[in-house]
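Written below as structure tokens is the structure these notes are about.
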Amino acid sequence: MGALNYPLPYFSIEEISVISISKQIIYSSTLFLFLIIFTVLLNNLIALLTDSNIMSLGLSVIIAVSFNLAVTQYGLLSSIAHVLPFTYLNSSAVIDGTIGVMTGNANVNFLTGLIILIAYSVIIYLFSLYLLNKKQFTN
């Protein structure tokens, strides 16, 4: 049985420090929960726009993977990576600072990810409500 205070390396652009595994688990799980909420809301919005659940799921996956690869693997959009919600798909790498170092963007961190995912979720939710109301009044 391992200890929850086991140290893990935390990378930033300036230094390397340590974070306990318990903080890593809590932060990563929290970020992942908000990522799931965002993804479900995005999928629902695309389903509203396309009137197809299968197409919306496929488009959601393609969009998520494309943006994540563009930012993390190819370095495209790295200057605005912190405002793209798909940057936070690998929540563990966000928490330990790996993605921030890979992109050269120190703003890719837990707090920014939480704010961005909540903000985009609220925007998508409100836009979906608007579209639903508009569809109900036109029918």
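Here, A, B, ... name the chains of the structure tokens in the order displayed, residue numbers run from 1 inside each chain, and ligands are numbered from 1 in the same displayed order.
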Sel. of strand (DSSP E or B) residues, range 3-111 of chain A, as a list in words
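Everything in range 3-111 of chain A that counts as strand (DSSP E or B) is Pro7, Leu8, Pro9, Tyr10, Phe11, Ile16, Ser17, Val18, Ile19 and Ser20 of chain A.
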Picked from range 14-120 of chain A by DSSP as helix (DSSP H, G or I), as a VMD selection string
chain A and resid 21 to 50 53 to 72 78 to 83 85 to 88 91 to 95 98 to 103 110 to 120
Any chance you can output those residues with C-alpha atoms as a compact mmCIF listing (two decimals), in the first residue's frame?
# COMPACT_ATOMS: atom_id res chain seq x y z
CA ILE A 21 0.22 12.15 -5.07
CA SER A 22 -2.97 12.94 -3.13
CA LYS A 23 -3.03 16.49 -4.55
CA GLN A 24 -2.31 15.09 -8.01
CA ILE A 25 -5.27 12.71 -7.73
CA ILE A 26 -7.68 15.34 -6.38
CA TYR A 27 -6.70 18.03 -8.90
CA SER A 28 -6.63 15.62 -11.83
CA SER A 29 -10.01 14.12 -10.93
CA THR A 30 -11.59 17.55 -10.52
CA LEU A 31 -10.27 18.75 -13.87
CA PHE A 32 -11.37 15.53 -15.53
CA LEU A 33 -14.90 15.86 -14.08
CA PHE A 34 -15.28 19.35 -15.54
CA LEU A 35 -13.85 18.09 -18.84
CA ILE A 36 -16.54 15.40 -18.95
CA ILE A 37 -19.24 18.01 -18.26
CA PHE A 38 -17.86 20.23 -21.03
CA THR A 39 -17.67 17.32 -23.49
CA VAL A 40 -21.26 16.23 -22.79
CA LEU A 41 -22.52 19.79 -23.25
CA LEU A 42 -20.54 20.15 -26.49
CA ASN A 43 -21.93 16.86 -27.76
CA ASN A 44 -25.47 18.01 -26.95
CA LEU A 45 -24.90 21.32 -28.75
CA ILE A 46 -23.61 19.58 -31.86
CA ALA A 47 -26.58 17.19 -31.70
CA LEU A 48 -28.92 20.20 -31.62
CA LEU A 49 -27.19 21.71 -34.64
CA THR A 50 -26.99 18.53 -36.72
CA ASN A 53 -26.69 11.93 -32.20
CA ILE A 54 -24.24 9.68 -34.03
CA MET A 55 -22.87 12.54 -36.12
CA SER A 56 -22.52 14.73 -33.03
CA LEU A 57 -20.53 12.07 -31.21
CA GLY A 58 -18.22 11.61 -34.19
CA LEU A 59 -17.73 15.35 -34.65
CA SER A 60 -17.06 15.82 -30.93
CA VAL A 61 -14.35 13.17 -30.97
CA ILE A 62 -12.76 14.54 -34.15
CA ILE A 63 -12.75 18.11 -32.81
CA ALA A 64 -11.37 17.09 -29.41
CA VAL A 65 -8.59 14.90 -30.78
CA SER A 66 -7.64 17.38 -33.52
CA PHE A 67 -7.31 20.35 -31.18
CA ASN A 68 -5.49 18.29 -28.55
CA LEU A 69 -2.97 16.97 -31.08
CA ALA A 70 -2.53 20.40 -32.66
CA VAL A 71 -1.61 21.89 -29.29
CA THR A 72 0.28 19.12 -27.50
CA SER A 78 0.54 27.01 -28.25
CA SER A 79 0.30 30.74 -27.55
CA ILE A 80 -3.45 30.37 -26.96
CA ALA A 81 -3.36 26.81 -25.61
CA HIS A 82 -4.53 27.94 -22.19
CA VAL A 83 -7.89 29.16 -23.57
CA PRO A 85 -10.62 23.52 -23.54
CA PHE A 86 -9.20 20.50 -25.36
CA THR A 87 -5.73 21.31 -24.07
CA TYR A 88 -6.91 19.88 -20.75
CA SER A 91 -5.57 16.25 -16.91
CA SER A 92 -2.66 14.48 -15.24
CA ALA A 93 -0.14 16.09 -17.60
CA VAL A 94 -1.75 19.48 -16.95
CA ILE A 95 -1.43 19.05 -13.18
CA THR A 98 4.18 18.66 -18.57
CA ILE A 99 1.82 20.29 -21.08
CA GLY A 100 2.73 23.78 -19.87
CA VAL A 101 6.40 23.03 -20.49
CA MET A 102 5.75 21.28 -23.83
CA THR A 103 3.77 24.24 -25.17
CA PHE A 110 -5.08 23.55 -12.98
CA LEU A 111 -6.70 26.87 -12.10
CA THR A 112 -6.78 28.16 -15.68
CA GLY A 113 -8.15 24.82 -16.87
CA LEU A 114 -10.91 24.92 -14.29
CA ILE A 115 -11.89 28.47 -15.22
CA ILE A 116 -11.80 27.76 -18.97
CA LEU A 117 -13.80 24.53 -18.73
CA ILE A 118 -16.45 26.13 -16.51
CA ALA A 119 -16.69 29.23 -18.71
CA TYR A 120 -17.00 27.26 -21.96
Please report the interatomic distance between CA of Asn105 in chain A and CA of Pro7 in chain A in Å with one decimal.
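Computed distance, CA of Asn105 in chain A to CA of Pro7 in chain A, equals 23.9 Å.
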For CA of Asn107 in chain A and CA of Val18 in chain A, determine how far apart the two atoms are, in Å to one decimal place.
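Going from CA of Asn107 in chain A over to CA of Val18 in chain A, I get 18.4 Å.
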Mind pulling up the distance from CA of Val122 in chain A to CA of Lys135 in chain A?
19.9 Å
